$ cat input-v8.cif   # mmCIF, C-alpha atoms
data_structure
#
loop_
_atom_site.label_atom_id
_atom_site.label_comp_id
_atom_site.auth_asym_id
_atom_site.auth_seq_id
_atom_site.Cartn_x
_atom_site.Cartn_y
_atom_site.Cartn_z
CA MET A 1 0.00 0.00 0.00
CA ILE A 2 2.81 2.41 0.91
CA ARG A 3 4.54 1.62 -2.37
CA VAL A 4 1.31 2.33 -4.31
CA LEU A 5 0.75 5.67 -2.53
CA SER A 6 4.35 6.67 -3.15
CA THR A 7 3.98 5.87 -6.85
CA LEU A 8 0.77 7.89 -7.05
CA PHE A 9 2.46 10.82 -5.36
CA MET A 10 5.30 10.75 -7.85
CA LEU A 11 2.88 10.71 -10.74
CA LEU A 12 1.01 13.65 -9.29
CA LEU A 13 4.16 15.74 -9.23
CA ALA A 14 3.64 17.30 -12.61
CA GLY A 15 6.61 17.11 -14.92
CA MET A 16 8.53 14.62 -12.89
CA ALA A 17 9.25 12.29 -15.79
CA VAL A 18 10.52 15.18 -17.92
CA ALA A 19 12.11 17.30 -15.20
CA ALA A 20 14.23 19.73 -17.19
CA PRO A 21 17.77 20.78 -16.42
CA GLY A 22 17.97 24.17 -14.82
CA ASP A 23 20.32 27.10 -15.46
CA VAL A 24 23.85 26.01 -14.61
CA ARG A 25 26.81 28.18 -13.64
CA ARG A 26 30.29 26.94 -12.93
CA PHE A 27 32.39 28.95 -10.48
CA PRO A 28 36.01 27.91 -11.13
CA ALA A 29 38.37 27.52 -8.21
CA GLN A 30 40.16 30.76 -7.42
CA GLY A 31 43.39 28.92 -6.68
CA THR A 32 44.72 25.43 -7.38
CA ALA A 33 41.63 23.25 -7.68
CA SER A 34 41.49 20.78 -4.81
CA ALA A 35 37.75 20.26 -4.15
CA GLN A 36 34.42 20.36 -5.91
CA LEU A 37 30.91 21.14 -4.74
CA ARG A 38 27.74 20.72 -6.77
CA ILE A 39 24.63 22.51 -5.49
CA HIS A 40 21.08 22.17 -6.74
CA GLY A 41 19.11 25.16 -5.50
CA THR A 42 15.84 27.00 -6.02
CA THR A 43 17.38 30.40 -5.30
CA ASP A 44 18.14 32.39 -8.45
CA ILE A 45 21.77 32.08 -9.55
CA GLU A 46 22.13 35.87 -9.58
CA VAL A 47 21.13 35.96 -5.91
CA PHE A 48 23.28 33.06 -4.76
CA ALA A 49 26.39 33.94 -6.80
CA VAL A 50 27.54 36.46 -4.17
CA VAL A 51 27.36 33.75 -1.49
CA ILE A 52 29.46 31.35 -3.54
CA ALA A 53 31.99 34.08 -4.34
CA ASP A 54 32.48 34.81 -0.65
CA TYR A 55 32.83 31.11 0.19
CA GLN A 56 35.55 30.84 -2.43
CA ARG A 57 37.43 33.71 -0.77
CA LEU A 58 37.72 31.42 2.26
CA HIS A 59 38.26 28.24 0.22
CA PRO A 60 39.88 29.28 -3.08
CA GLY A 61 40.60 25.68 -4.06
CA THR A 62 36.92 24.73 -4.30
CA GLU A 63 35.17 24.70 -7.65
CA VAL A 64 31.41 25.20 -7.26
CA VAL A 65 28.76 24.20 -9.77
CA TYR A 66 25.35 25.71 -9.04
CA GLU A 67 22.20 24.62 -10.84
CA ASP A 68 19.07 26.76 -10.46
CA ILE A 69 16.05 24.44 -10.56
CA ILE A 70 12.41 25.05 -9.71
CA THR A 71 11.32 23.43 -6.47
CA GLN A 72 9.29 20.58 -7.92
CA ASP A 73 11.97 19.62 -10.43
CA LEU A 74 14.70 19.77 -7.79
CA TYR A 75 12.92 17.05 -5.82
CA ALA A 76 12.05 14.96 -8.86
CA ARG A 77 15.45 15.22 -10.52
CA TYR A 78 17.24 14.16 -7.37
CA LEU A 79 15.17 10.98 -7.19
CA GLN A 80 15.78 10.31 -10.89
CA ASP A 81 19.46 11.13 -11.14
CA ARG A 82 20.89 10.63 -7.67
CA GLN A 83 23.21 7.84 -8.83
CA GLY A 84 24.31 9.75 -11.95
CA PRO A 85 27.58 11.60 -12.65
CA ALA A 86 25.99 14.99 -11.89
CA SER A 87 24.52 13.97 -8.53
CA PRO A 88 24.35 17.01 -6.20
CA ASP A 89 26.27 17.42 -2.96
CA LEU A 90 23.74 19.81 -1.47
CA LEU A 91 20.05 20.53 -2.04
CA ILE A 92 18.83 24.01 -1.05
CA SER A 93 15.13 24.64 -1.49
CA SER A 94 12.22 26.73 -0.26
CA GLY A 95 10.06 23.63 -0.77
CA MET A 96 10.13 22.67 2.89
CA ASP A 97 7.61 19.88 2.50
CA LEU A 98 9.55 18.15 -0.28
CA GLN A 99 12.82 18.53 1.61
CA THR A 100 11.11 17.02 4.65
CA LYS A 101 9.91 14.11 2.53
CA LEU A 102 13.45 13.43 1.32
CA VAL A 103 14.65 13.35 4.93
CA ASN A 104 11.72 11.19 6.02
CA ASP A 105 12.37 8.71 3.20
CA GLY A 106 16.01 8.27 4.18
CA HIS A 107 17.71 10.34 1.47
CA ALA A 108 19.66 12.75 3.72
CA LEU A 109 22.90 12.49 5.66
CA PRO A 110 22.96 13.74 9.26
CA HIS A 111 25.26 16.60 10.12
CA ARG A 112 26.20 17.95 13.53
CA SER A 113 28.47 20.91 14.15
CA ALA A 114 28.65 23.93 16.42
CA GLN A 115 26.61 25.84 13.83
CA THR A 116 23.84 23.27 13.45
CA GLU A 117 23.63 22.53 17.17
CA ALA A 118 22.99 26.21 17.88
CA LEU A 119 20.02 26.45 15.52
CA PRO A 120 16.60 26.97 17.15
CA GLY A 121 14.36 23.92 17.13
CA TRP A 122 12.04 25.34 14.46
CA ALA A 123 14.97 25.72 12.05
CA GLN A 124 16.24 22.12 11.86
CA TRP A 125 14.82 18.61 11.84
CA ARG A 126 16.56 15.38 12.80
CA HIS A 127 19.96 16.99 12.20
CA GLU A 128 19.31 16.37 8.50
CA ALA A 129 17.31 19.39 7.29
CA PHE A 130 18.51 22.88 8.19
CA GLY A 131 17.01 26.31 7.67
CA ILE A 132 19.63 28.70 6.27
CA SER A 133 17.36 31.73 5.90
CA TYR A 134 13.73 32.52 6.48
CA GLU A 135 11.39 34.09 4.04
CA PRO A 136 8.26 36.03 5.04
CA VAL A 137 5.42 35.40 2.60
CA ALA A 138 3.94 38.69 1.47
CA MET A 139 1.53 40.58 -0.69
CA VAL A 140 3.31 42.81 -3.20
CA TYR A 141 1.59 45.69 -4.97
CA ASN A 142 2.33 48.32 -7.59
CA THR A 143 2.53 51.68 -5.79
CA ARG A 144 1.42 53.54 -8.93
CA MET A 145 -1.76 51.50 -9.25
CA LEU A 146 -2.92 51.16 -5.64
CA PRO A 147 -3.18 54.33 -3.54
CA PRO A 148 -2.24 53.97 0.15
CA SER A 149 -5.91 54.11 1.19
CA ARG A 150 -6.66 50.96 -0.80
CA VAL A 151 -3.64 48.88 0.16
CA PRO A 152 -4.81 45.82 2.15
CA HIS A 153 -2.91 44.96 5.33
CA THR A 154 -4.84 41.82 6.27
CA ARG A 155 -6.48 39.01 4.34
CA ARG A 156 -9.88 40.37 5.35
CA GLN A 157 -9.00 43.72 3.80
CA LEU A 158 -7.79 41.96 0.65
CA LEU A 159 -11.08 40.06 0.50
CA ASP A 160 -12.99 43.34 0.85
CA LEU A 161 -10.93 44.89 -1.95
CA LEU A 162 -11.56 41.90 -4.22
CA ARG A 163 -15.29 42.27 -3.56
CA ALA A 164 -15.33 46.06 -3.84
CA GLU A 165 -17.72 47.83 -6.19
CA GLY A 166 -16.23 48.27 -9.62
CA ALA A 167 -13.93 45.26 -9.15
CA PRO A 168 -10.69 47.29 -9.01
CA LEU A 169 -8.54 44.14 -9.07
CA ARG A 170 -10.36 42.24 -11.82
CA GLY A 171 -7.68 40.81 -14.09
CA LYS A 172 -5.06 42.63 -12.05
CA VAL A 173 -4.32 40.18 -9.24
CA GLY A 174 -1.96 37.20 -9.29
CA THR A 175 -0.67 34.33 -7.19
CA TYR A 176 1.19 31.04 -7.59
CA ASP A 177 -0.30 28.28 -9.69
CA ILE A 178 -0.23 25.60 -7.02
CA GLU A 179 -0.54 22.82 -9.58
CA ARG A 180 2.87 23.84 -10.96
CA SER A 181 4.49 25.58 -8.00
CA SER A 182 5.46 23.42 -5.03
CA VAL A 183 5.99 26.50 -2.87
CA GLY A 184 2.56 27.76 -3.90
CA TYR A 185 1.05 24.42 -2.94
CA LEU A 186 2.77 24.49 0.44
CA LEU A 187 1.50 28.02 1.14
CA ALA A 188 -2.04 27.21 0.03
CA THR A 189 -2.21 24.19 2.35
CA GLN A 190 -0.86 26.28 5.22
CA ASP A 191 -3.48 28.97 4.56
CA ALA A 192 -6.18 26.32 4.54
CA GLN A 193 -5.07 25.15 7.98
CA ARG A 194 -4.61 28.60 9.53
CA GLY A 195 -7.01 30.97 7.85
CA SER A 196 -10.75 30.86 8.44
CA ILE A 197 -11.36 32.95 5.31
CA ALA A 198 -9.05 30.94 3.04
CA GLY A 199 -11.95 29.48 1.05
CA ALA A 200 -13.71 32.82 0.61
CA LEU A 201 -10.45 34.48 -0.42
CA LEU A 202 -9.75 31.79 -2.99
CA ALA A 203 -13.23 32.17 -4.47
CA ALA A 204 -12.82 35.96 -4.62
CA LEU A 205 -9.47 35.56 -6.38
CA GLY A 206 -11.24 33.33 -8.90
CA ASP A 207 -14.04 35.89 -9.35
CA ASN A 208 -11.37 38.44 -10.23
CA GLY A 209 -9.72 36.25 -12.85
CA VAL A 210 -6.59 35.65 -10.81
CA VAL A 211 -3.45 35.24 -12.92
CA ARG A 212 -1.56 32.10 -11.91
CA GLU A 213 2.17 31.68 -12.47
CA GLU A 214 4.79 29.12 -11.52
CA ARG A 215 7.64 31.39 -10.47
CA THR A 216 7.98 34.36 -8.14
CA GLY A 217 9.99 36.32 -10.68
CA VAL A 218 7.28 36.19 -13.34
CA LEU A 219 4.65 37.45 -10.89
CA LEU A 220 6.92 40.28 -9.78
CA ASP A 221 7.69 41.19 -13.41
CA LYS A 222 3.99 41.56 -14.04
CA VAL A 223 3.29 43.67 -10.97
CA SER A 224 6.37 45.83 -11.64
CA SER A 225 5.23 46.55 -15.20
CA GLY A 226 1.65 47.34 -14.16
CA GLU A 227 0.16 44.29 -15.86
CA LEU A 228 -0.89 43.30 -12.34
CA ALA A 229 -1.72 45.59 -9.42
CA LEU A 230 -1.14 43.08 -6.63
CA VAL A 231 0.16 39.56 -6.07
CA TYR A 232 -0.74 37.38 -3.08
CA ASN A 233 1.42 34.88 -1.16
CA VAL A 234 4.83 35.46 -2.74
CA LEU A 235 8.37 35.35 -1.31
CA GLY A 236 9.15 38.85 -0.13
CA SER A 237 12.93 39.00 -0.50
CA TYR A 238 12.82 39.01 -4.30
CA ALA A 239 10.47 41.99 -4.18
CA GLN A 240 12.79 43.91 -1.86
CA ALA A 241 15.68 43.47 -4.28
CA ARG A 242 13.52 44.98 -7.04
CA ILE A 243 12.47 47.87 -4.83
CA ASP A 244 16.14 48.58 -4.13
CA ALA A 245 16.68 48.66 -7.90
CA GLY A 246 13.90 51.22 -8.34
CA ALA A 247 10.78 49.15 -9.09
CA PRO A 248 7.48 50.79 -8.02
CA LEU A 249 6.61 48.06 -5.55
CA GLY A 250 5.39 47.88 -1.97
CA ILE A 251 5.55 44.84 0.32
CA ILE A 252 2.85 43.93 2.84
CA GLU A 253 3.42 41.34 5.53
CA PRO A 254 -0.21 40.59 6.50
CA GLU A 255 -1.00 41.72 10.02
CA ASP A 256 -3.36 38.81 10.73
CA TYR A 257 -0.49 36.37 10.19
CA THR A 258 2.53 36.21 7.94
CA LEU A 259 3.73 32.76 6.96
CA VAL A 260 7.48 32.22 7.04
CA VAL A 261 9.12 29.72 4.70
CA LEU A 262 12.53 28.34 5.64
CA ARG A 263 15.03 28.06 2.82
CA THR A 264 16.20 24.57 3.74
CA ALA A 265 19.44 22.73 3.04
CA LEU A 266 20.16 19.01 3.19
CA ILE A 267 23.08 16.82 2.24
CA PRO A 268 21.88 13.93 0.05
CA ARG A 269 22.94 10.44 1.07
CA THR A 270 24.44 10.03 -2.42
CA SER A 271 26.54 13.23 -2.22
CA PRO A 272 29.88 12.60 -4.00
CA HIS A 273 31.61 15.21 -1.80
CA PRO A 274 29.84 15.15 1.59
CA GLY A 275 32.78 16.71 3.42
CA GLU A 276 32.69 19.77 1.17
CA ALA A 277 28.91 19.92 1.51
CA ARG A 278 29.25 19.97 5.31
CA ARG A 279 31.85 22.72 5.12
CA PHE A 280 29.66 24.87 2.89
CA LEU A 281 26.61 24.29 5.10
CA ASP A 282 28.56 25.36 8.17
CA TYR A 283 29.70 28.47 6.27
CA LEU A 284 26.07 29.32 5.41
CA LEU A 285 25.13 29.08 9.10
CA SER A 286 28.19 30.98 10.34
CA PRO A 287 27.88 34.69 11.24
CA ARG A 288 29.87 35.58 8.12
CA GLY A 289 27.74 33.45 5.80
CA GLN A 290 24.54 34.75 7.33
CA GLN A 291 25.75 38.33 6.92
CA VAL A 292 26.44 37.71 3.22
CA LEU A 293 23.01 36.12 2.82
CA SER A 294 21.46 39.17 4.45
CA ARG A 295 23.46 42.09 3.04
CA GLU A 296 24.43 40.78 -0.37
CA ALA A 297 21.81 38.20 -1.32
CA ARG A 298 18.99 40.08 0.51
CA LEU A 299 17.72 36.92 2.19
CA MET A 300 16.52 37.12 5.80
CA PRO A 301 19.12 35.37 8.00
CA ILE A 302 18.48 32.83 10.72
CA VAL A 303 21.43 34.34 12.62
CA HIS A 304 21.75 38.07 13.33
CA THR A 305 25.08 39.83 12.96
CA ASP A 306 25.59 39.76 16.74
CA GLY A 307 25.32 35.96 16.73
CA ARG A 308 21.77 35.80 18.12
CA TYR A 309 19.33 33.52 16.34
CA ALA A 310 16.18 34.94 14.84
CA ASP A 311 13.13 35.22 17.07
CA PRO A 312 10.20 35.73 14.69
CA ALA A 313 7.94 38.67 15.52
CA ARG A 314 4.46 38.10 16.88
CA ASN A 315 2.63 38.09 13.54
CA LEU A 316 5.22 35.87 11.85
CA ARG A 317 4.28 32.19 11.70
CA PRO A 318 7.28 30.02 10.74
CA ILE A 319 6.22 26.84 8.99
CA GLN A 320 7.64 24.07 11.16
CA LEU A 321 10.05 21.57 9.70
CA GLY A 322 8.93 18.05 10.50
CA PRO A 323 6.41 15.30 9.79
CA GLY A 324 3.44 17.68 9.83
CA LEU A 325 4.53 18.84 6.37
CA LEU A 326 3.98 15.33 4.98
CA VAL A 327 0.21 15.40 5.49
CA TYR A 328 -0.62 17.17 2.23
CA LEU A 329 1.94 15.14 0.30
CA ASP A 330 -0.20 12.05 0.74
CA ALA A 331 -1.24 11.18 -2.82
CA LEU A 332 -4.99 11.09 -2.15
CA LYS A 333 -4.99 14.22 0.01
CA ARG A 334 -2.92 16.11 -2.53
CA ARG A 335 -5.25 15.18 -5.38
CA GLN A 336 -8.32 16.17 -3.37
CA PHE A 337 -6.80 19.49 -2.35
CA LEU A 338 -5.77 20.33 -5.92
CA ASP A 339 -9.19 19.37 -7.27
CA ALA A 340 -10.93 21.61 -4.73
CA TRP A 341 -8.53 24.48 -5.40
CA ARG A 342 -8.93 24.21 -9.17
CA SER A 343 -12.71 23.94 -8.90
CA SER A 344 -12.91 27.01 -6.69
CA VAL A 345 -10.64 29.19 -8.82
CA GLU A 346 -11.97 28.15 -12.20
CA ALA A 347 -15.65 27.88 -11.29
CA ALA A 348 -15.55 31.21 -9.53
CA GLY A 349 -14.03 32.86 -12.52
CA HIS A 350 -17.01 32.12 -14.80
#

$ encode --input "input-v8.cif" --output "structure tokens"
Amino acid sequence: MIRVLSTLFMLLLAGMAVAAPGDVRRFPAQGTASAQLRIHGTTDIEVFAVVIADYQRLHPGTEVVYEDIITQDLYARYLQDRQGPASPDLLISSGMDLQTKLVNDGHALPHRSAQTEALPGWAQWRHEAFGISYEPVAMVYNTRMLPPSRVPHTRRQLLDLLRAEGAPLRGKVGTYDIERSSVGYLLATQDAQRGSIAGALLAALGDNGVVREERTGVLLDKVSSGELALVYNVLGSYAQARIDAGAPLGIIEPEDYTLVVLRTALIPRTSPHPGEARRFLDYLLSPRGQQVLSREARLMPIVHTDGRYADPARNLRPIQLGPGLLVYLDALKRRQFLDAWRSSVEAAGH
């Protein structure tokens, strides 16, 4: 029975059989090459390149190959190719549920060090999955299209705006397509568990012809250009980088509750270079690595510059690493949730 459910789950992960290679960048050793590290990650190469460059200042003999892969494909490709010549040494993903499943199914190596032992309990699981940064999930809006008086600060206010006379957001609101986006699916299931108005909000998004996309960057492109006025449930750090570059965007962390996704690292059991993977993971969790993640990559660090670990504010709700994330990965439950989501969005839109 377990084998059947696992097979069904794999089939339900759209695109698994044809999981495409991602964008690959090779960072040659800065000195005499003596080590190699291959990372599969869901963070954009442009964002993570500064982290790799700083690591190579400390370890100039290490060549790093980084492959940028969407969350769903990262999980699927690892299971397909883990014995191949390009098997990764480290998996870094915002898909906490899929990372948890890899750990639960025995695909991760344990790692203990001063850095991992100091992590708060909500930021690691079984000494095999480790949060390296945390990511508040936000609403992002175009400041030229939404005046301050209309900007929603809670889900209830967003619902009221979606239902407002004249339908000011019709065709102008977006979110993740949870059938294609694993992070979107994770966030939708978390909303369903936490938010009493999740169903009404989903129906209102459908009524307004919500635009659904797979990747954060595409949604932010559309809201930056004015094609969309607002996007719901997206990773906030990417938006901040665009604001810093001059985009007319505003970020709202909902006051009712703001979900927090952990960008999670694990060392696969098939890692060809587990020692180098451990060294890089410890660097990421060190004060220096966390400072680079924060200042250069614009990702919210687990560790503050003074060495203290993050203590999420009252309205922030970190999604807990652990077996609770496996519930909605059950094949039957996943199919039922997706069917209900699709029915609500598509039926409401007609």

$ closest_residue --input "input-v8.cif" --among "A:Asn208, A:Thr154, A:Ser182, A:Thr175" --to "Val223 (chain A)" --atoms "only C-alpha atoms"
A:Thr175

$ resolve_selection --input "input-v8.cif" --expression "the PyMOL selection byres ((chain A and resi 52-57) around 8)" --output "count of residues only"
17

$ atom_distance --input "input-v8.cif" --atom1 "CA of His273 (chain A)" --atom2 "CA of Ser87 (chain A)"
9.9 Å

$ residues_around --input "input-v8.cif" --residues "Arg212 (chain A)" --least-positions-apart "3" --cutoff "6 Å" --atoms "all atoms listed in the file" --output "list in words"
Gly174, Thr175, Tyr176 and Asp177 of chain A

$ closest_residue --input "input-v8.cif" --among "A:Ser93, A:Ser34, A:Gln99, A:Ser133" --to "Gln290 (chain A)" --atoms "all atoms listed in the file"
A:Ser133

$ closest_residue --input "input-v8.cif" --among "A:Leu220, A:Asp256, A:Met145, A:Ala247" --to "Ile197 (chain A)" --atoms "only C-alpha atoms"
A:Asp256

$ closest_residue --input "input-v8.cif" --among "A:Ala297, A:Ala229, A:Ile302, A:Ala164" --to "Asp44 (chain A)" --atoms "all atoms listed in the file"
A:Ala297

$ residues_near_point --input "input-v8.cif" --point "(34.9, 19.4, -5.0)" --cutoff "6 Å" --atoms "only C-alpha atoms" --output "MDAnalysis selection string"
chainID A and resid 35:37 62:63

$ closest_atom_pairs --input "input-v8.cif" --of "region 72-175 of chain A" --to "region 235-244 of chain A" --cutoff "12 Å" --atoms "only C-alpha atoms" --output "tab-separated table"
residue	atom	partner	partner_atom	distance
A:Ser94	CA	A:Leu235	CA	9.5
A:Gly95	CA	A:Leu235	CA	11.9
A:Ser133	CA	A:Ser237	CA	10.7
A:Tyr134	CA	A:Ser237	CA	9.6
A:Glu135	CA	A:Leu235	CA	6.3
A:Pro136	CA	A:Gly236	CA	6.0
A:Val137	CA	A:Leu235	CA	4.9
A:Ala138	CA	A:Gly236	CA	5.5
A:Met139	CA	A:Gly236	CA	7.8
A:Val140	CA	A:Ala239	CA	7.3
A:Tyr141	CA	A:Ala239	CA	9.7
A:Asn142	CA	A:Ile243	CA	10.5
A:Thr143	CA	A:Ile243	CA	10.7
A:Thr175	CA	A:Leu235	CA	10.8

$ closest_residue --input "input-v8.cif" --among "A:Leu169, A:Leu249, A:Val103, A:Val260" --to "Gly209 (chain A)" --atoms "only C-alpha atoms"
A:Leu169

$ residues_around --input "input-v8.cif" --residues "Arg112 (chain A)" --least-positions-apart "6" --cutoff "12 Å" --atoms "only C-alpha atoms" --output "list of chain:residue names"
A:Ala118, A:Leu119, A:Gln124, A:Trp125, A:Arg126, A:His127, A:Glu128, A:Ala129, A:Phe130, A:Ile267, A:Arg278, A:Arg279, A:Leu281, A:Asp282

$ atom_distance --input "input-v8.cif" --atom1 "CA of Tyr232 (chain A)" --atom2 "CA of Leu338 (chain A)"
18.0 Å

$ atom_distance --input "input-v8.cif" --atom1 "CA of Asp68 (chain A)" --atom2 "CA of Thr116 (chain A)"
24.6 Å

$ resolve_selection --input "input-v8.cif" --expression "the PyMOL selection byres ((chain A and resi 108) around 12)" --output "ChimeraX atom specification"
/A:78-79,82,88-91,99-107,109-111,125-130,265-271,274,277

$ closest_residue --input "input-v8.cif" --among "A:Val151, A:Ile70, A:Leu159, A:Leu329" --to "Ala200 (chain A)" --atoms "all atoms listed in the file"
A:Leu159

$ resolve_selection --input "input-v8.cif" --expression "the PyMOL selection byres ((chain A and resi 185-192) around 9)" --output "MDAnalysis selection string"
chainID A and resid 95:97 137 176:184 193:199 233 259 261 319 325 328 337:338 341

$ residues_around --input "input-v8.cif" --residues "Lys172 (chain A)" --least-positions-apart "6" --cutoff "7 Å" --atoms "all atoms listed in the file" --output "PyMOL selection string"
chain A and resi 227-230
